[in-house]
>>> print(open('input16.txt').read())   # compact mmCIF, C-alpha atoms
# COMPACT_ATOMS: atom_id res chain seq x y z
CA MET A 42 -6.46 24.99 -23.73
CA SER A 43 -4.69 23.96 -20.61
CA GLU A 44 -5.02 20.67 -18.80
CA LYS A 45 -4.35 20.66 -15.07
CA VAL A 46 -2.04 17.85 -14.09
CA GLU A 47 -1.79 16.71 -10.51
CA LYS A 48 1.68 15.37 -9.67
CA ARG A 49 1.86 11.93 -8.14
CA ASN A 50 4.46 9.75 -6.48
CA LYS A 51 5.81 8.69 -9.82
CA LEU A 52 9.39 8.56 -11.08
CA ALA A 53 9.93 8.87 -14.83
CA ILE A 54 13.37 8.28 -16.31
CA ILE A 55 14.61 8.54 -19.86
CA THR A 56 17.65 6.26 -19.95
CA TRP A 57 19.81 7.50 -22.79
CA SER A 58 23.23 6.40 -21.51
CA GLY A 59 24.70 2.95 -21.88
CA THR A 60 27.50 3.05 -19.32
CA VAL A 61 27.26 1.47 -15.88
CA ASP A 62 28.10 4.68 -14.04
CA LYS A 63 24.79 6.04 -15.36
CA LEU A 64 22.79 2.80 -15.49
CA TYR A 65 23.35 2.17 -11.76
CA PRO A 66 21.63 5.45 -10.80
CA VAL A 67 18.69 4.45 -13.04
CA ALA A 68 18.42 1.07 -11.32
CA ILE A 69 19.02 2.32 -7.77
CA LEU A 70 16.48 5.16 -8.01
CA SER A 71 13.95 2.84 -9.65
CA SER A 72 14.28 0.18 -6.96
CA ALA A 73 14.16 2.69 -4.08
CA ALA A 74 11.04 4.21 -5.66
CA ALA A 75 9.40 0.81 -6.17
CA ALA A 76 10.14 -0.12 -2.55
CA GLY A 77 8.42 3.09 -1.45
CA GLY A 78 5.29 2.44 -3.47
CA TRP A 79 6.10 4.95 -6.21
CA GLU A 80 5.09 4.23 -9.75
CA VAL A 81 8.10 4.04 -12.05
CA GLU A 82 8.30 4.58 -15.80
CA VAL A 83 11.65 3.93 -17.48
CA PHE A 84 12.11 4.66 -21.18
CA PHE A 85 15.27 3.22 -22.74
CA THR A 86 16.58 5.00 -25.83
CA PHE A 87 19.87 5.20 -27.78
CA TRP A 88 22.82 3.83 -25.77
CA GLY A 89 20.51 2.95 -22.92
CA LEU A 90 18.56 0.74 -25.28
CA ASN A 91 21.81 -0.74 -26.59
CA ALA A 92 22.69 -1.71 -23.01
CA ILE A 93 19.52 -3.80 -22.62
CA ARG A 94 20.06 -5.88 -25.75
CA LYS A 95 20.18 -9.49 -24.55
CA GLU A 96 23.81 -10.00 -25.57
CA MET A 97 24.92 -6.82 -23.80
CA LEU A 98 23.59 -7.87 -20.40
CA ASN A 99 26.34 -10.42 -19.88
CA ALA A 100 29.07 -8.46 -21.71
CA PRO A 101 31.69 -6.59 -19.66
CA PRO A 102 30.01 -3.32 -18.61
CA LYS A 103 31.18 -0.07 -20.18
CA ILE A 104 32.06 3.03 -18.17
CA SER A 105 31.99 6.67 -19.38
CA ALA A 106 35.12 7.37 -21.44
CA ASP A 107 35.94 10.44 -19.31
CA PHE A 108 36.44 8.09 -16.36
CA ALA A 109 37.86 5.10 -18.20
CA GLU A 110 40.90 4.91 -15.91
CA TYR A 111 38.59 4.20 -12.96
CA GLY A 112 36.78 1.36 -14.76
CA PRO A 113 38.73 -1.60 -13.35
CA ALA A 114 38.68 -0.16 -9.80
CA VAL A 115 34.92 0.40 -9.95
CA ALA A 116 34.32 -3.10 -11.30
CA GLN A 117 36.43 -4.54 -8.50
CA ALA A 118 34.67 -2.46 -5.84
CA VAL A 119 31.22 -3.55 -7.05
CA GLN A 120 32.37 -7.16 -6.81
CA GLN A 121 33.85 -6.68 -3.32
CA MET A 122 30.64 -4.99 -2.14
CA ASN A 123 28.76 -8.02 -3.44
CA PHE A 124 26.48 -5.49 -5.13
CA PRO A 125 24.00 -6.74 -7.74
CA SER A 126 24.40 -5.75 -11.40
CA TRP A 127 22.32 -2.74 -12.45
CA HIS A 128 19.99 -4.91 -14.54
CA GLU A 129 19.48 -7.37 -11.70
CA LEU A 130 18.48 -4.43 -9.47
CA LEU A 131 16.02 -3.22 -12.09
CA ARG A 132 14.58 -6.73 -12.33
CA GLN A 133 14.16 -6.79 -8.54
CA ALA A 134 12.51 -3.35 -8.68
CA LYS A 135 9.91 -4.80 -11.05
CA THR A 136 9.06 -7.60 -8.64
CA MET A 137 8.56 -5.06 -5.83
CA GLY A 138 6.18 -2.59 -7.31
CA ASN A 139 4.62 -0.85 -10.24
CA VAL A 140 7.62 -0.48 -12.56
CA LYS A 141 7.07 -0.19 -16.29
CA ILE A 142 9.96 -0.44 -18.71
CA TYR A 143 9.78 0.71 -22.31
CA ALA A 144 12.04 0.54 -25.33
CA CYS A 145 12.16 3.34 -27.90
CA SER A 146 10.79 2.13 -31.23
CA THR A 147 12.91 4.48 -33.37
CA THR A 148 16.14 3.32 -31.72
CA MET A 149 15.01 -0.29 -32.17
CA GLU A 150 14.83 0.33 -35.92
CA MET A 151 18.20 2.13 -35.98
CA PHE A 152 19.83 -0.82 -34.22
CA GLY A 153 18.06 -3.32 -36.46
CA LEU A 154 16.11 -4.89 -33.59
CA LYS A 155 12.89 -6.53 -34.75
CA ASP A 156 10.95 -6.71 -31.48
CA LYS A 157 11.34 -6.87 -27.73
CA SER A 158 12.50 -10.49 -27.81
CA ALA A 159 15.96 -9.04 -28.62
CA LEU A 160 15.91 -7.15 -25.32
CA ALA A 161 16.12 -7.92 -21.61
CA ASP A 162 13.08 -9.83 -20.35
CA PHE A 163 12.09 -6.92 -18.08
CA VAL A 164 10.99 -4.77 -21.02
CA ASP A 165 7.20 -4.36 -21.03
CA ASP A 166 6.64 -2.72 -24.37
CA VAL A 167 8.12 -0.98 -27.40
CA VAL A 168 6.70 2.54 -27.55
CA GLY A 169 7.35 6.05 -28.86
CA ALA A 170 7.91 9.48 -27.35
CA ALA A 171 4.21 10.36 -27.22
CA THR A 172 3.48 7.35 -25.00
CA PHE A 173 6.28 8.23 -22.60
CA LEU A 174 5.15 11.87 -22.39
CA GLU A 175 1.58 10.83 -21.68
CA ARG A 176 2.60 8.29 -19.04
CA SER A 177 5.11 10.58 -17.34
CA LYS A 178 3.24 13.90 -17.37
CA ASP A 179 2.07 13.48 -13.77
CA ALA A 180 5.45 12.30 -12.46
CA ALA A 181 6.76 14.21 -9.44
CA VAL A 182 10.31 13.35 -10.50
CA THR A 183 11.47 13.20 -14.11
CA LEU A 184 15.06 12.51 -15.10
CA PHE A 185 17.12 12.22 -18.27
CA ILE A 186 20.09 10.02 -17.58
CA MET B 235 11.50 -0.87 28.38
CA SER B 236 12.63 -2.97 25.49
CA ILE B 237 10.56 -3.50 22.38
CA LYS B 238 10.37 -7.01 21.12
CA PRO B 239 10.63 -7.38 17.34
CA THR B 240 8.56 -10.03 15.58
CA LYS B 241 11.13 -10.40 12.85
CA THR B 242 14.74 -9.38 12.23
CA ILE B 243 16.52 -8.82 8.94
CA ASP B 244 20.26 -8.43 8.69
CA THR B 245 21.33 -6.04 5.93
CA ARG B 246 24.79 -5.47 7.35
CA GLY B 247 27.37 -5.21 4.59
CA LYS B 248 24.73 -4.26 2.02
CA PHE B 249 24.39 -0.86 0.40
CA CYS B 250 21.71 1.51 -0.85
CA PRO B 251 19.09 0.65 -2.04
CA ILE B 252 19.24 -2.95 -0.74
CA PRO B 253 18.44 -2.24 2.96
CA VAL B 254 15.29 -0.31 1.98
CA MET B 255 14.26 -2.98 -0.53
CA GLU B 256 14.70 -5.76 2.02
CA THR B 257 12.80 -3.73 4.63
CA ALA B 258 9.94 -3.17 2.18
CA LYS B 259 9.77 -6.91 1.46
CA ALA B 260 10.03 -7.96 5.10
CA ILE B 261 7.33 -5.61 6.40
CA ASN B 262 4.79 -7.67 4.43
CA GLY B 263 5.81 -10.68 6.48
CA ILE B 264 4.62 -9.24 9.80
CA ASN B 265 1.19 -8.18 11.02
CA ILE B 266 -0.03 -4.63 11.62
CA GLY B 267 1.16 -3.45 15.03
CA GLU B 268 4.18 -5.76 15.00
CA ILE B 269 7.81 -4.66 14.89
CA LEU B 270 10.44 -5.35 12.24
CA GLU B 271 14.06 -5.07 13.34
CA VAL B 272 16.57 -4.02 10.67
CA LEU B 273 20.30 -4.31 11.25
CA ALA B 274 22.47 -2.25 8.90
CA THR B 275 25.94 -0.87 8.35
CA ASP B 276 25.13 1.40 5.40
CA PRO B 277 24.93 4.92 6.92
CA ALA B 278 22.16 5.76 4.43
CA ALA B 279 19.93 3.09 5.96
CA ASP B 280 18.98 5.44 8.81
CA PRO B 281 17.64 8.39 6.79
CA ASP B 282 16.44 6.14 3.95
CA ILE B 283 14.38 3.76 6.10
CA LYS B 284 12.93 6.76 7.96
CA ALA B 285 11.96 8.38 4.64
CA TRP B 286 10.57 5.10 3.35
CA ALA B 287 8.54 4.55 6.55
CA LYS B 288 7.11 8.08 6.38
CA ARG B 289 6.09 7.53 2.78
CA MET B 290 4.53 4.11 3.49
CA GLY B 291 2.78 5.16 6.70
CA HIS B 292 4.82 3.02 9.10
CA GLU B 293 6.63 4.21 12.21
CA VAL B 294 10.33 4.06 13.06
CA VAL B 295 10.17 3.56 16.82
CA VAL B 296 13.90 3.13 17.44
CA ALA B 297 16.94 4.06 15.35
CA GLU B 298 20.17 3.63 17.24
CA LYS B 299 23.81 2.78 16.86
CA THR B 300 24.70 -0.33 18.82
CA PRO B 301 27.86 -0.52 20.96
CA GLU B 302 29.25 -2.78 18.22
CA GLY B 303 28.86 0.12 15.76
CA TYR B 304 26.06 -0.96 13.49
CA LEU B 305 22.58 0.50 13.06
CA ARG B 306 19.52 -1.04 14.65
CA ILE B 307 16.23 0.27 13.35
CA LEU B 308 12.84 -0.85 14.63
CA VAL B 309 9.91 -0.28 12.30
CA LYS B 310 6.34 -0.70 13.46
CA ARG B 311 3.95 -1.79 10.75
CA LEU B 312 0.93 0.53 10.87
CA LYS B 313 -1.02 -0.48 7.78
>>> encode(input="input16.txt", output="structure tokens")
Amino acid sequence: MSEKVEKRNKLAIITWSGTVDKLYPVAILSSAAAAGGWEVEVFFTFWGLNAIRKEMLNAPPKISADFAEYGPAVAQAVQQMNFPSWHELLRQAKTMGNVKIYACSTTMEMFGLKDKSALADFVDDVVGAATFLERSKDAAVTLFI
Amino acid sequence: MSIKPTKTIDTRGKFCPIPVMETAKAINGINIGEILEVLATDPAADPDIKAWAKRMGHEVVVAEKTPEGYLRILVKRLK
């Protein structure tokens, strides 16, 4: 049994990482896609989910350990560029278009998070892998970040 | 012949994806057939706004570097 799936202008991202050097690409691609009328599905899991816990949003951002020595310089550059935080960009993306943001239910349980009230206000729903697969199967671009 | 924009947005000093996002917002503020002028310094604004316009069905009628060294992009709203 094979189901024919027509690809659409849809961007689907699994956000696994919790460091700004990877969260910025998630936010920048999502907002560019939203501005261009693409549908966007973002599924936050593991360290990505950790990064959207309410208390993490205002904490000093983490950078990948491999590049730790660049952390202060990057933080300073972002400030000098007057560039928005990655989560502010994602919030703006939501106001521009059809952007859906999900949190992984299994990771929620592992981190002891009861429901989405513990997470950033831009999270639409707590779902599982099957939901993400179903919603992203017709995405022209799918990324694991 | 110079084209007269209905509206101008200044994204100079802002970086990808902000110029495209601001262009997408501003195009809704003009009527079909009118021109939006976008000023930018981000070099990506030129290919990105062209790609965005192609995707959205609008037309980039002018994309030029001004004598002062910034980008001036005129987008005609087509739909």
>>> atom_distance(input="input16.txt", atom1="atom CA of A:Gly169", atom2="atom CA of A:Val67")
19.5 Å
>>> residues_around(input="input16.txt", residues="B:Ala278", least_positions_apart="3", cutoff="7 Å", atoms="all atoms listed in the file", output="JSON, numbers by chain")
{"B": [250, 281, 282]}
>>> atom_distance(input="input16.txt", atom1="atom CA of A:Ala171", atom2="atom CA of A:Glu82")
13.4 Å
>>> interface_residues(input="input16.txt", of="chain B", to="chain A", cutoff="10 Å", atoms="all atoms listed in the file", output="list in words")
Gly247, Lys248, Phe249, Cys250, Pro251, Ile252, Pro253, Val254, Met255, Glu256, Thr257, Ala258, Lys259, Asp282, Ile283, Ala285, Trp286, Ala287, Lys288, Arg289 and Met290 of chain B
>>> residues_around(input="input16.txt", residues="stretch 147-155 of chain A", least_positions_apart="2", cutoff="10 Å", atoms="all atoms listed in the file", output="PDB file with C-alpha atoms, in the frame of the given file")
ATOM      1  CA  PHE A  85      15.270   3.220 -22.740  1.00  0.00           C
ATOM      2  CA  THR A  86      16.580   5.000 -25.830  1.00  0.00           C
ATOM      3  CA  PHE A  87      19.870   5.200 -27.780  1.00  0.00           C
ATOM      4  CA  TRP A  88      22.820   3.830 -25.770  1.00  0.00           C
ATOM      5  CA  GLY A  89      20.510   2.950 -22.920  1.00  0.00           C
ATOM      6  CA  LEU A  90      18.560   0.740 -25.280  1.00  0.00           C
ATOM      7  CA  ASN A  91      21.810  -0.740 -26.590  1.00  0.00           C
ATOM      8  CA  ARG A  94      20.060  -5.880 -25.750  1.00  0.00           C
ATOM      9  CA  ALA A 144      12.040   0.540 -25.330  1.00  0.00           C
ATOM     10  CA  CYS A 145      12.160   3.340 -27.900  1.00  0.00           C
ATOM     11  CA  LYS A 157      11.340  -6.870 -27.730  1.00  0.00           C
ATOM     12  CA  SER A 158      12.500 -10.490 -27.810  1.00  0.00           C
ATOM     13  CA  ALA A 159      15.960  -9.040 -28.620  1.00  0.00           C
ATOM     14  CA  LEU A 160      15.910  -7.150 -25.320  1.00  0.00           C
ATOM     15  CA  VAL A 167       8.120  -0.980 -27.400  1.00  0.00           C
ATOM     16  CA  VAL A 168       6.700   2.540 -27.550  1.00  0.00           C
ATOM     17  CA  GLY A 169       7.350   6.050 -28.860  1.00  0.00           C
ATOM     18  CA  ALA A 170       7.910   9.480 -27.350  1.00  0.00           C
TER      19      ALA A 170
END
>>> residues_around(input="input16.txt", residues="stretch 107-110 of chain A", least_positions_apart="3", cutoff="12 Å", atoms="all atoms listed in the file", output="number ranges by chain")
A: 60-63, 102-104, 113-116
>>> atom_distance(input="input16.txt", atom1="atom CA of B:Tyr304", atom2="atom CA of B:Gly291")
25.0 Å
>>> residues_around(input="input16.txt", residues="B:Arg311", least_positions_apart="3", cutoff="7 Å", atoms="only C-alpha atoms", output="VMD selection string")
chain B and resid 261 265 to 269 292 to 293
>>> residues_around(input="input16.txt", residues="A:Thr183", least_positions_apart="4", cutoff="8 Å", atoms="all atoms listed in the file", output="VMD selection string")
chain A and resid 52 to 54 177
>>> axis_aligned_box(input="input16.txt", around="stretch 135-153 of chain A", padding_each_side="3 Å", output="AutoDock Vina command-line options")
--center_x 12.2 --center_y -1.6 --center_z -21.1 --size_x 21.2 --size_y 18.1 --size_z 36.6
>>> closest_residue(input="input16.txt", among="B:Ala260, B:Leu312, B:Ile237, B:Leu305", to="B:Pro277", atoms="all atoms listed in the file")
B:Leu305
>>> closest_residue(input="input16.txt", among="A:Gln117, A:Lys51, A:Leu131, A:Ile93", to="A:Pro66", atoms="all atoms listed in the file")
A:Leu131
>>> closest_residue(input="input16.txt", among="B:Leu308, B:Val294, B:Ala279, B:Ala274", to="B:Asp244", atoms="all atoms listed in the file")
B:Ala274
>>> closest_residue(input="input16.txt", among="B:Ile264, B:Val296, B:Arg306, B:Thr275", to="B:Lys241", atoms="only C-alpha atoms")
B:Ile264
